[in-house]
file my_file37.cif (mmCIF, C-alpha atoms)
data_model
loop_
_atom_site.label_atom_id
_atom_site.label_comp_id
_atom_site.auth_asym_id
_atom_site.auth_seq_id
_atom_site.Cartn_x
_atom_site.Cartn_y
_atom_site.Cartn_z
CA MET A 10 -59.91 -22.35 -4.06
CA ARG A 11 -60.10 -18.88 -2.52
CA ALA A 12 -56.45 -19.04 -1.63
CA LEU A 13 -55.61 -20.00 -5.19
CA LEU A 14 -57.68 -17.14 -6.56
CA LEU A 15 -55.98 -14.72 -4.18
CA THR A 16 -52.56 -15.94 -5.27
CA ALA A 17 -53.47 -15.56 -8.93
CA LEU A 18 -54.79 -12.07 -8.30
CA THR A 19 -51.68 -11.02 -6.38
CA THR A 20 -49.42 -12.40 -9.09
CA ALA A 21 -51.39 -10.55 -11.74
CA LEU A 22 -51.15 -7.30 -9.77
CA LEU A 23 -47.43 -7.68 -9.19
CA THR A 24 -46.83 -8.44 -12.85
CA ALA A 25 -48.87 -5.38 -13.78
CA ALA A 26 -46.85 -3.25 -11.39
CA ALA A 27 -43.57 -4.49 -12.87
CA ALA A 28 -44.75 -3.83 -16.39
CA ALA A 29 -46.11 -0.38 -15.59
CA PRO A 30 -44.20 2.52 -17.09
CA ALA A 31 -41.44 4.10 -15.04
CA ALA A 32 -41.55 1.39 -12.44
CA ASP A 33 -39.81 1.84 -9.11
CA TYR A 34 -36.92 -0.53 -8.65
CA VAL A 35 -34.68 -1.41 -5.74
CA ALA A 36 -31.21 -2.87 -6.06
CA GLN A 37 -30.43 -6.50 -5.37
CA PRO A 38 -27.53 -7.50 -3.10
CA GLU A 39 -25.18 -8.23 -6.02
CA SER A 40 -25.31 -4.55 -7.04
CA LYS A 41 -22.05 -2.63 -6.88
CA LEU A 42 -20.94 0.95 -6.45
CA GLY A 43 -17.27 1.76 -6.59
CA PHE A 44 -14.60 4.19 -7.69
CA THR A 45 -11.14 4.22 -9.20
CA ALA A 46 -8.65 6.88 -8.17
CA THR A 47 -4.95 7.30 -8.75
CA TYR A 48 -2.21 8.03 -6.25
CA GLN A 49 1.35 8.58 -7.51
CA ASP A 50 0.44 7.04 -10.86
CA GLU A 51 -0.93 3.91 -9.19
CA ALA A 52 -4.64 3.26 -9.66
CA PHE A 53 -6.58 1.90 -6.70
CA GLN A 54 -10.17 0.74 -6.38
CA GLY A 55 -12.71 1.58 -3.75
CA THR A 56 -16.18 0.25 -3.03
CA PHE A 57 -19.19 1.35 -1.02
CA ALA A 58 -20.58 -1.58 0.92
CA ARG A 59 -23.81 0.24 1.83
CA PHE A 60 -25.83 2.31 -0.60
CA THR A 61 -29.55 2.47 -1.29
CA PRO A 62 -30.69 3.25 -4.80
CA VAL A 63 -34.33 3.88 -5.60
CA ILE A 64 -34.63 3.82 -9.36
CA ARG A 65 -37.68 4.77 -11.38
CA PHE A 66 -36.85 4.30 -15.00
CA ASP A 67 -38.59 3.62 -18.26
CA PRO A 68 -36.65 4.10 -21.50
CA ALA A 69 -39.94 5.12 -23.13
CA ASP A 70 -40.84 7.62 -20.42
CA LEU A 71 -37.71 9.52 -19.43
CA ALA A 72 -39.79 12.45 -18.21
CA SER A 73 -41.14 10.56 -15.21
CA SER A 74 -37.91 8.67 -14.52
CA ARG A 75 -35.98 9.43 -11.34
CA PHE A 76 -32.85 8.16 -9.57
CA ASP A 77 -32.30 8.64 -5.87
CA VAL A 78 -29.24 6.97 -4.44
CA ARG A 79 -28.11 7.32 -0.82
CA ILE A 80 -24.54 6.31 -0.10
CA ALA A 81 -23.20 5.55 3.38
CA LEU A 82 -19.73 7.14 3.27
CA ALA A 83 -18.54 5.19 6.30
CA SER A 84 -18.93 2.00 4.23
CA ALA A 85 -16.20 3.07 1.79
CA GLY A 86 -13.23 0.73 1.56
CA THR A 87 -10.10 0.44 -0.59
CA ALA A 88 -8.56 -2.80 0.79
CA ASN A 89 -6.07 -0.85 2.88
CA ALA A 90 -6.81 -0.06 6.54
CA GLU A 91 -4.50 2.97 6.76
CA ARG A 92 -5.82 4.50 3.56
CA ASP A 93 -9.44 3.79 4.57
CA GLU A 94 -8.95 5.56 7.89
CA MET A 95 -7.67 8.57 5.98
CA LEU A 96 -10.48 8.33 3.41
CA LEU A 97 -13.18 8.47 6.08
CA GLY A 98 -11.38 11.25 7.94
CA SER A 99 -12.07 14.97 7.80
CA GLU A 100 -9.65 15.64 4.92
CA PHE A 101 -11.52 13.30 2.56
CA PHE A 102 -15.10 12.02 3.03
CA ASP A 103 -15.55 13.39 6.54
CA ALA A 104 -17.89 10.46 7.23
CA ALA A 105 -18.41 11.64 10.81
CA GLY A 106 -19.41 15.18 9.76
CA ALA A 107 -21.69 14.30 6.84
CA PRO A 108 -22.31 10.55 6.87
CA GLU A 109 -24.29 10.36 3.66
CA ALA A 110 -23.75 11.27 0.02
CA ARG A 111 -26.78 11.46 -2.24
CA TYR A 112 -27.25 11.36 -5.98
CA VAL A 113 -30.57 12.55 -7.39
CA ALA A 114 -31.43 12.69 -11.09
CA THR A 115 -34.71 13.77 -12.64
CA ARG A 116 -33.52 14.72 -16.12
CA PHE A 117 -32.43 12.07 -18.61
CA ARG A 118 -31.21 12.04 -22.18
CA ALA A 119 -31.20 9.11 -24.59
CA LEU A 120 -27.88 8.53 -26.36
CA GLY A 121 -29.25 5.93 -28.75
CA GLY A 122 -29.56 2.19 -28.33
CA ASN A 123 -29.73 1.32 -24.65
CA ARG A 124 -27.44 4.18 -23.61
CA PHE A 125 -28.61 7.15 -21.55
CA VAL A 126 -27.30 10.03 -19.49
CA ALA A 127 -28.70 10.99 -16.11
CA GLU A 128 -28.21 14.72 -15.55
CA GLY A 129 -28.12 14.31 -11.80
CA THR A 130 -26.79 16.21 -8.82
CA LEU A 131 -24.34 14.79 -6.33
CA SER A 132 -24.43 15.98 -2.73
CA LEU A 133 -21.23 15.25 -0.90
CA ARG A 134 -19.65 17.03 2.08
CA GLY A 135 -22.36 19.71 1.87
CA VAL A 136 -21.57 20.54 -1.77
CA ASN A 137 -24.26 20.06 -4.46
CA LYS A 138 -22.97 19.92 -8.01
CA PRO A 139 -24.14 18.40 -11.29
CA VAL A 140 -22.52 15.06 -12.14
CA PRO A 141 -23.71 13.39 -15.35
CA LEU A 142 -23.92 9.61 -15.18
CA THR A 143 -23.68 7.72 -18.47
CA PHE A 144 -25.35 4.32 -18.28
CA THR A 145 -26.71 1.40 -20.21
CA TRP A 146 -30.10 -0.05 -19.40
CA THR A 147 -30.62 -3.76 -20.02
CA PRO A 148 -34.35 -4.48 -19.66
CA GLY A 149 -35.72 -7.74 -18.32
CA ALA A 150 -37.39 -9.24 -15.26
CA ARG A 151 -34.32 -7.97 -13.39
CA PRO A 152 -33.11 -4.94 -15.38
CA VAL A 153 -29.44 -4.09 -15.14
CA LEU A 154 -28.15 -0.53 -14.97
CA ALA A 155 -24.43 -0.18 -15.65
CA GLY A 156 -23.14 3.37 -15.28
CA GLU A 157 -20.03 5.46 -15.14
CA ALA A 158 -19.33 9.03 -14.07
CA SER A 159 -16.29 11.20 -13.70
CA VAL A 160 -16.30 13.16 -10.45
CA SER A 161 -14.03 16.10 -9.69
CA ARG A 162 -12.98 15.34 -6.11
CA LEU A 163 -11.79 18.91 -5.57
CA ALA A 164 -15.23 20.29 -6.50
CA PHE A 165 -16.51 18.41 -3.43
CA ASN A 166 -13.49 19.22 -1.21
CA VAL A 167 -12.44 15.59 -1.08
CA GLY A 168 -8.74 15.73 -0.22
CA THR A 169 -8.03 19.06 1.44
CA GLY A 170 -4.78 20.71 2.54
CA ASP A 171 -1.70 19.02 1.06
CA TRP A 172 -3.98 16.48 -0.65
CA THR A 173 -5.19 19.11 -3.14
CA ASP A 174 -1.94 18.43 -5.06
CA THR A 175 -3.24 16.91 -8.30
CA ASP A 176 0.23 15.69 -9.31
CA LEU A 177 -0.03 13.22 -6.44
CA LEU A 178 -3.77 12.63 -6.47
CA PRO A 179 -5.49 13.66 -9.73
CA ASP A 180 -8.76 15.52 -9.54
CA ALA A 181 -10.83 13.13 -11.66
CA VAL A 182 -12.17 10.05 -9.89
CA LYS A 183 -14.05 7.49 -11.94
CA VAL A 184 -17.22 6.22 -10.33
CA THR A 185 -18.74 3.01 -11.62
CA THR A 186 -21.91 1.21 -10.71
CA ARG A 187 -23.75 -1.90 -11.72
CA LEU A 188 -27.24 -2.23 -10.32
CA VAL A 189 -29.26 -5.40 -10.61
CA LEU A 190 -32.82 -4.24 -10.09
CA GLU A 191 -36.11 -5.72 -9.06
CA ALA A 192 -39.48 -4.04 -8.93
CA LYS A 193 -40.08 -2.50 -5.55
CA ALA A 194 -42.73 -4.31 -3.51
CA GLN A 195 -45.75 -1.98 -3.42
CA MET B 30 43.40 -1.13 -1.69
CA PRO B 31 42.87 -4.46 -3.49
CA ILE B 32 39.49 -5.06 -5.07
CA LYS B 33 39.24 -8.69 -4.02
CA ASN B 34 39.59 -9.95 -0.49
CA LEU B 35 43.04 -11.16 0.61
CA ALA B 36 43.95 -13.59 3.35
CA ASP B 37 44.77 -10.76 5.76
CA ARG B 38 42.52 -7.92 4.68
CA TRP B 39 39.19 -7.06 3.05
CA GLY B 40 39.17 -5.73 -0.52
CA GLY B 41 37.51 -2.53 -1.74
CA VAL B 42 34.23 -4.14 -2.77
CA SER B 43 33.61 -5.78 0.60
CA ILE B 44 34.67 -2.65 2.51
CA THR B 45 32.39 -0.43 0.42
CA LEU B 46 29.42 -2.79 0.76
CA HIS B 47 29.99 -3.15 4.52
CA TRP B 48 30.04 0.58 5.31
CA LEU B 49 27.33 1.47 2.80
CA THR B 50 25.07 -1.08 4.50
CA ALA B 51 25.99 0.26 7.95
CA LEU B 52 25.18 3.81 6.84
CA MET B 53 21.87 2.77 5.28
CA ILE B 54 20.85 0.83 8.40
CA LEU B 55 21.52 3.91 10.50
CA GLY B 56 19.34 5.92 8.10
CA LEU B 57 16.63 3.25 8.16
CA VAL B 58 16.49 3.31 11.96
CA VAL B 59 16.28 7.11 12.15
CA VAL B 60 13.69 7.37 9.37
CA GLY B 61 11.87 4.25 10.62
CA PHE B 62 11.21 5.76 14.04
CA ALA B 63 10.60 9.33 12.86
CA MET B 64 8.08 8.38 10.15
CA GLN B 65 5.71 6.80 12.66
CA GLU B 66 5.31 10.15 14.42
CA LEU B 67 4.21 12.06 11.30
CA ALA B 68 0.59 13.07 10.79
CA ASN B 69 -1.14 11.56 7.74
CA SER B 70 0.00 13.63 4.77
CA PRO B 71 1.66 13.22 1.39
CA THR B 72 4.94 13.92 3.23
CA LYS B 73 4.38 10.91 5.48
CA ILE B 74 3.82 8.69 2.45
CA GLN B 75 7.03 10.05 0.89
CA VAL B 76 9.05 9.44 4.06
CA TYR B 77 7.69 5.89 4.26
CA GLY B 78 8.60 5.52 0.58
CA LEU B 79 12.17 6.57 1.41
CA HIS B 80 12.38 3.98 4.21
CA LYS B 81 11.02 1.27 1.90
CA SER B 82 13.40 2.18 -0.92
CA ILE B 83 16.49 2.21 1.33
CA GLY B 84 15.39 -1.11 2.85
CA LEU B 85 15.05 -2.67 -0.59
CA THR B 86 18.51 -1.36 -1.45
CA VAL B 87 19.91 -3.09 1.65
CA LEU B 88 18.21 -6.30 0.50
CA ALA B 89 19.78 -6.03 -2.96
CA LEU B 90 23.21 -5.11 -1.58
CA THR B 91 23.10 -8.03 0.86
CA VAL B 92 22.42 -10.46 -1.98
CA LEU B 93 25.35 -8.89 -3.88
CA ARG B 94 27.54 -9.13 -0.78
CA LEU B 95 26.82 -12.79 -0.30
CA LEU B 96 27.56 -13.50 -3.97
CA TRP B 97 30.78 -11.47 -3.74
CA ARG B 98 31.75 -13.31 -0.56
CA LEU B 99 31.23 -16.59 -2.37
CA PHE B 100 33.40 -15.37 -5.25
CA ALA B 101 36.08 -13.37 -3.44
CA GLY B 102 36.37 -15.33 -0.20
CA VAL B 103 36.98 -13.90 3.27
CA PRO B 104 40.17 -13.05 5.18
CA GLN B 105 41.42 -15.49 7.81
CA PRO B 106 40.71 -14.70 11.46
CA ALA B 107 43.49 -12.63 13.03
CA PRO B 108 46.32 -14.95 14.11
CA GLY B 109 45.93 -16.22 17.64
CA THR B 110 42.11 -15.94 17.71
CA PRO B 111 40.75 -18.75 19.92
CA ARG B 112 38.44 -21.29 18.29
CA TRP B 113 35.41 -20.29 20.37
CA GLN B 114 35.82 -16.73 19.13
CA GLN B 115 36.06 -17.91 15.54
CA TRP B 116 32.87 -19.86 16.10
CA ALA B 117 31.16 -16.87 17.77
CA SER B 118 32.28 -14.64 14.91
CA SER B 119 30.84 -17.00 12.27
CA ALA B 120 27.55 -17.27 14.18
CA THR B 121 27.29 -13.47 14.56
CA HIS B 122 28.04 -12.83 10.90
CA GLY B 123 25.61 -15.56 9.84
CA ALA B 124 22.88 -14.02 12.00
CA LEU B 125 23.61 -10.56 10.58
CA TYR B 126 23.24 -11.79 7.01
CA VAL B 127 19.98 -13.58 7.87
CA ILE B 128 18.59 -10.40 9.44
CA LEU B 129 19.80 -8.21 6.56
CA LEU B 130 17.73 -10.41 4.25
CA ALA B 131 14.77 -11.08 6.55
CA MET B 132 14.20 -7.50 7.68
CA PRO B 133 13.62 -5.95 4.26
CA LEU B 134 11.58 -9.01 3.26
CA SER B 135 9.33 -8.65 6.34
CA GLY B 136 8.92 -4.96 5.54
CA TRP B 137 8.06 -5.75 1.94
CA LEU B 138 5.54 -8.38 3.12
CA TYR B 139 4.04 -5.89 5.60
CA ASN B 140 3.70 -3.33 2.81
CA SER B 141 2.05 -5.85 0.47
CA ALA B 142 -0.36 -7.21 3.11
CA SER B 143 -1.30 -3.61 4.02
CA GLY B 144 -2.41 -3.04 0.41
CA PHE B 145 0.18 -0.41 -0.50
CA PRO B 146 2.03 -0.32 -3.80
CA LEU B 147 5.82 -0.43 -3.70
CA LYS B 148 8.10 1.57 -5.96
CA TRP B 149 11.88 1.72 -5.59
CA PHE B 150 12.63 5.46 -5.26
CA GLY B 151 9.57 6.02 -7.46
CA LEU B 152 11.35 4.41 -10.39
CA PHE B 153 9.93 0.93 -10.79
CA ALA B 154 7.21 -1.11 -9.16
CA LEU B 155 7.89 -4.29 -7.21
CA PRO B 156 5.49 -7.22 -7.11
CA ARG B 157 3.27 -7.84 -4.10
CA LEU B 158 4.36 -10.64 -1.79
CA SER B 159 0.81 -11.04 -0.47
CA GLY B 160 -2.71 -9.83 -1.04
CA TYR B 161 -4.45 -7.52 1.45
CA ASP B 162 -4.55 -9.68 4.56
CA ALA B 163 -4.83 -8.54 8.19
CA ASP B 164 -3.21 -11.72 9.60
CA VAL B 165 -0.22 -11.61 7.25
CA LYS B 166 0.09 -7.89 7.99
CA ALA B 167 0.19 -8.46 11.76
CA PHE B 168 2.70 -11.30 11.37
CA ALA B 169 4.98 -9.23 9.13
CA LEU B 170 4.91 -6.21 11.44
CA GLY B 171 5.71 -8.44 14.42
CA ALA B 172 8.59 -10.01 12.51
CA HIS B 173 9.90 -6.59 11.44
CA SER B 174 9.90 -5.34 15.08
CA THR B 175 11.44 -8.52 16.52
CA LEU B 176 14.10 -8.58 13.82
CA PHE B 177 14.94 -4.96 14.64
CA LEU B 178 15.57 -5.86 18.30
CA ALA B 179 17.70 -8.84 17.21
CA LEU B 180 19.60 -6.61 14.79
CA ALA B 181 20.26 -4.01 17.49
CA ALA B 182 21.59 -6.69 19.85
CA ILE B 183 23.78 -8.38 17.24
CA VAL B 184 25.16 -5.12 15.83
CA ALA B 185 26.11 -4.14 19.39
CA LEU B 186 27.91 -7.46 19.81
CA HIS B 187 29.54 -7.11 16.37
CA ALA B 188 30.82 -3.59 17.14
CA ALA B 189 31.93 -4.54 20.66
CA ALA B 190 33.92 -7.47 19.27
CA ALA B 191 35.57 -5.23 16.66
CA LEU B 192 36.54 -2.70 19.35
CA LYS B 193 37.78 -5.45 21.63
CA HIS B 194 40.04 -6.73 18.83
CA HIS B 195 41.30 -3.21 18.21
CA TYR B 196 41.90 -1.98 21.76
CA PHE B 197 42.46 -5.13 23.81
CA ASP B 198 43.89 -7.70 21.39
CA ARG B 199 45.51 -4.90 19.34
CA ASP B 200 45.11 -6.97 16.17
CA ARG B 201 44.05 -5.84 12.69
CA THR B 202 40.47 -7.21 12.73
CA LEU B 203 38.87 -3.74 12.73
CA VAL B 204 41.55 -1.94 10.75
CA ARG B 205 41.36 -4.33 7.82
CA MET B 206 37.68 -3.42 7.36
CA LEU B 207 38.41 0.33 7.38
CA PRO B 208 38.76 2.13 4.06
CA LEU B 209 41.90 4.10 3.09
CA ILE B 210 44.17 2.31 5.50
CA LYS B 211 47.29 0.80 4.01
CA PRO B 212 48.55 -2.58 5.10
CA PRO B 213 51.16 -2.19 7.84
CA ALA B 214 54.72 -1.57 6.62
CA PRO B 215 57.23 -4.24 7.68
CA ALA B 216 58.75 -1.73 10.14
CA ALA B 217 55.41 -1.22 11.83
CA ARG B 218 55.00 -4.98 12.07
CA ASP B 219 58.39 -5.21 13.75
CA HIS B 220 57.33 -2.47 16.10
CA GLU B 221 54.11 -4.33 16.95
CA THR B 222 56.02 -7.52 17.55
CA GLY B 223 58.50 -5.63 19.67
CA ALA B 224 55.72 -4.08 21.76
#

call {"tool": "encode", "arguments": {"input": "my_file37.cif", "output": "structure tokens"}}
result
Amino acid sequence: MRALLLTALTTALLTAAAAAPAADYVAQPESKLGFTATYQDEAFQGTFARFTPVIRFDPADLASSRFDVRIALASAGTANAERDEMLLGSEFFDAAGAPEARYVATRFRALGGNRFVAEGTLSLRGVNKPVPLTFTWTPGARPVLAGEASVSRLAFNVGTGDWTDTDLLPDAVKVTTRLVLEAKAQ
Amino acid sequence: MPIKNLADRWGGVSITLHWLTALMILGLVVVGFAMQELANSPTKIQVYGLHKSIGLTVLALTVLRLLWRLFAGVPQPAPGTPRWQQWASSATHGALYVILLAMPLSGWLYNSASGFPLKWFGLFALPRLSGYDADVKAFALGAHSTLFLALAAIVALHAAAALKHHYFDRDRTLVRMLPLIKPPAPAARDHETGA
């Protein structure tokens, strides 16, 4: 009987936590973070296998919402061993020099419906610059955040030396993410 | 120079295809070894692109050559060539054609399994022969290297046989594959017979 009561109480507390405004969420394993770049007019896709988003978001309380995403650069892959070696090297991500990229957003704007913009800052290779992330928020027991951003690779010194040639490798890289979220265990 | 092949000499199409292929293979070998030494850069990707494009051209020309051979026939072996040499010649030429097809195909497969796109001189894209696959990639690279060694050995044999025909047998086997050389005048034939 006591055990049952305890279970009921715990469930009630957890439910309350999930329903609380601007809840903290963590991403489930099916979440994705990737990018699309172009080389010599051929688009190629990349993914980050390891990234840790901590998402506090409430459409009704944007002021106390906050994104904090840590991205392990060494986990980047484009389904091409030679290209990946180059990507992790000093001319691109420099994963050995600065292993982590971080995206932090504390300011949000509603675009109407379930669409929002996070006015966040990306830190990559020691450069901090604003990168707005446009996303949709699908509420539910497991809310889904689907976002897209355009990142200027040259602003972050990704692709130095001969690789700065934007005829070969355009400056704009599209970053996409789909996070399946669950309330963080308190 | 006749366009089609005759019983005693090669025509212009076969001669052109033969020497164009020889020239491109020489280029492929030089570029193929040099490109591996380059540091990662857009230049390296361009040099690899050149090697891939020339290789694909060899593949296309070899298919054309085989079709032309089917249509235009081949000259007879030089008179007096022993049967074992005729057999050896057929085997060598057969092996050369197989390698001229298999080498570009193994390179194409290696490129596909490595996850790289493939464009012929930047003009049009070719389909992938495989998805990104480390095992296929290793197999294709192994095949490309082994085929190169086989090609080197067989080309050496091919050239040695041509020179042997020219300098030892003193027949027209080599000359009839050379461009801009007229068929021997009757007088020259008499001279050869006399010598």

call {"tool": "residues_around", "arguments": {"input": "my_file37.cif", "residues": "Val78 in chain A", "least_positions_apart": "5", "cutoff": "8 Å", "atoms": "only C-alpha atoms", "output": "list in words"}}
result
Phe60, Thr61, Pro62, Val63, Ile64, Arg111, Tyr112 and Val113 of chain A

call {"tool": "residues_around", "arguments": {"input": "my_file37.cif", "residues": "range 103-119 of chain B", "least_positions_apart": "2", "cutoff": "12 Å", "atoms": "all atoms listed in the file", "output": "count of residues only"}}
result
45

call {"tool": "residues_near_point", "arguments": {"input": "my_file37.cif", "point": "(-31.6, -2.5, -14.8)", "cutoff": "6 Å", "atoms": "all atoms listed in the file", "output": "list in words"}}
result
Trp146, Thr147, Pro148, Pro152, Val153, Leu154, Val189 and Leu190 of chain A

call {"tool": "write_last_selection", "arguments": {"input": "my_file37.cif", "atoms": "C-alpha atoms", "output": "PDB file, in the coordinates of the input"}}
result
ATOM      1  CA  TRP A 146     -30.100  -0.050 -19.400  1.00  0.00           C
ATOM      2  CA  THR A 147     -30.620  -3.760 -20.020  1.00  0.00           C
ATOM      3  CA  PRO A 148     -34.350  -4.480 -19.660  1.00  0.00           C
ATOM      4  CA  PRO A 152     -33.110  -4.940 -15.380  1.00  0.00           C
ATOM      5  CA  VAL A 153     -29.440  -4.090 -15.140  1.00  0.00           C
ATOM      6  CA  LEU A 154     -28.150  -0.530 -14.970  1.00  0.00           C
ATOM      7  CA  VAL A 189     -29.260  -5.400 -10.610  1.00  0.00           C
ATOM      8  CA  LEU A 190     -32.820  -4.240 -10.090  1.00  0.00           C
TER       9      LEU A 190
END

call {"tool": "closest_residue", "arguments": {"input": "my_file37.cif", "among": "A:Asp70, A:Gly129, A:Leu177, A:Lys193", "to": "Ile74 in chain B", "atoms": "all atoms listed in the file"}}
result
A:Leu177

call {"tool": "resolve_selection", "arguments": {"input": "my_file37.cif", "expression": "the PyMOL selection byres ((chain B) within 9 of (chain A))", "output": "ChimeraX atom specification"}}
result
/B:69-72,142-146,151,161-163

call {"tool": "residues_near_point", "arguments": {"input": "my_file37.cif", "point": "(-21.8, 9.1, 3.5)", "cutoff": "8 Å", "atoms": "all atoms listed in the file", "output": "CSV table (one decimal) with C-alpha atoms, in the frame of the given file"}}
result
chain,number,residue,atom,x,y,z
A,79,ARG,CA,-28.1,7.3,-0.8
A,80,ILE,CA,-24.5,6.3,-0.1
A,81,ALA,CA,-23.2,5.6,3.4
A,82,LEU,CA,-19.7,7.1,3.3
A,83,ALA,CA,-18.5,5.2,6.3
A,84,SER,CA,-18.9,2.0,4.2
A,102,PHE,CA,-15.1,12.0,3.0
A,104,ALA,CA,-17.9,10.5,7.2
A,107,ALA,CA,-21.7,14.3,6.8
A,108,PRO,CA,-22.3,10.6,6.9
A,109,GLU,CA,-24.3,10.4,3.7
A,110,ALA,CA,-23.8,11.3,0.0
A,111,ARG,CA,-26.8,11.5,-2.2
A,133,LEU,CA,-21.2,15.2,-0.9

call {"tool": "closest_residue", "arguments": {"input": "my_file37.cif", "among": "B:Leu85, B:Leu152, B:Leu49, B:Leu67", "to": "Leu138 in chain B", "atoms": "all atoms listed in the file"}}
result
B:Leu85

call {"tool": "closest_residue", "arguments": {"input": "my_file37.cif", "among": "A:Pro68, A:Gly121, A:Gly135, A:Gly43", "to": "Asp103 in chain A", "atoms": "all atoms listed in the file"}}
result
A:Gly135

call {"tool": "atom_distance", "arguments": {"input": "my_file37.cif", "atom1": "CA of Ala155 in chain A", "atom2": "CA of Leu142 in chain A"}}
result
9.8 Å

call {"tool": "atom_distance", "arguments": {"input": "my_file37.cif", "atom1": "CA of Ala181 in chain A", "atom2": "CA of Glu128 in chain A"}}
result
17.9 Å

call {"tool": "residues_around", "arguments": {"input": "my_file37.cif", "residues": "Leu42 in chain A", "least_positions_apart": "2", "cutoff": "10 Å", "atoms": "only C-alpha atoms", "output": "MDAnalysis selection string"}}
result
chainID A and resid 40 44 55:60 80 85 155:157 184:188

call {"tool": "residues_around", "arguments": {"input": "my_file37.cif", "residues": "Val160 in chain A", "least_positions_apart": "6", "cutoff": "9 Å", "atoms": "only C-alpha atoms", "output": "list of chain:residue names"}}
result
A:Val140, A:Pro141, A:Asp180, A:Ala181, A:Val182, A:Lys183, A:Val184
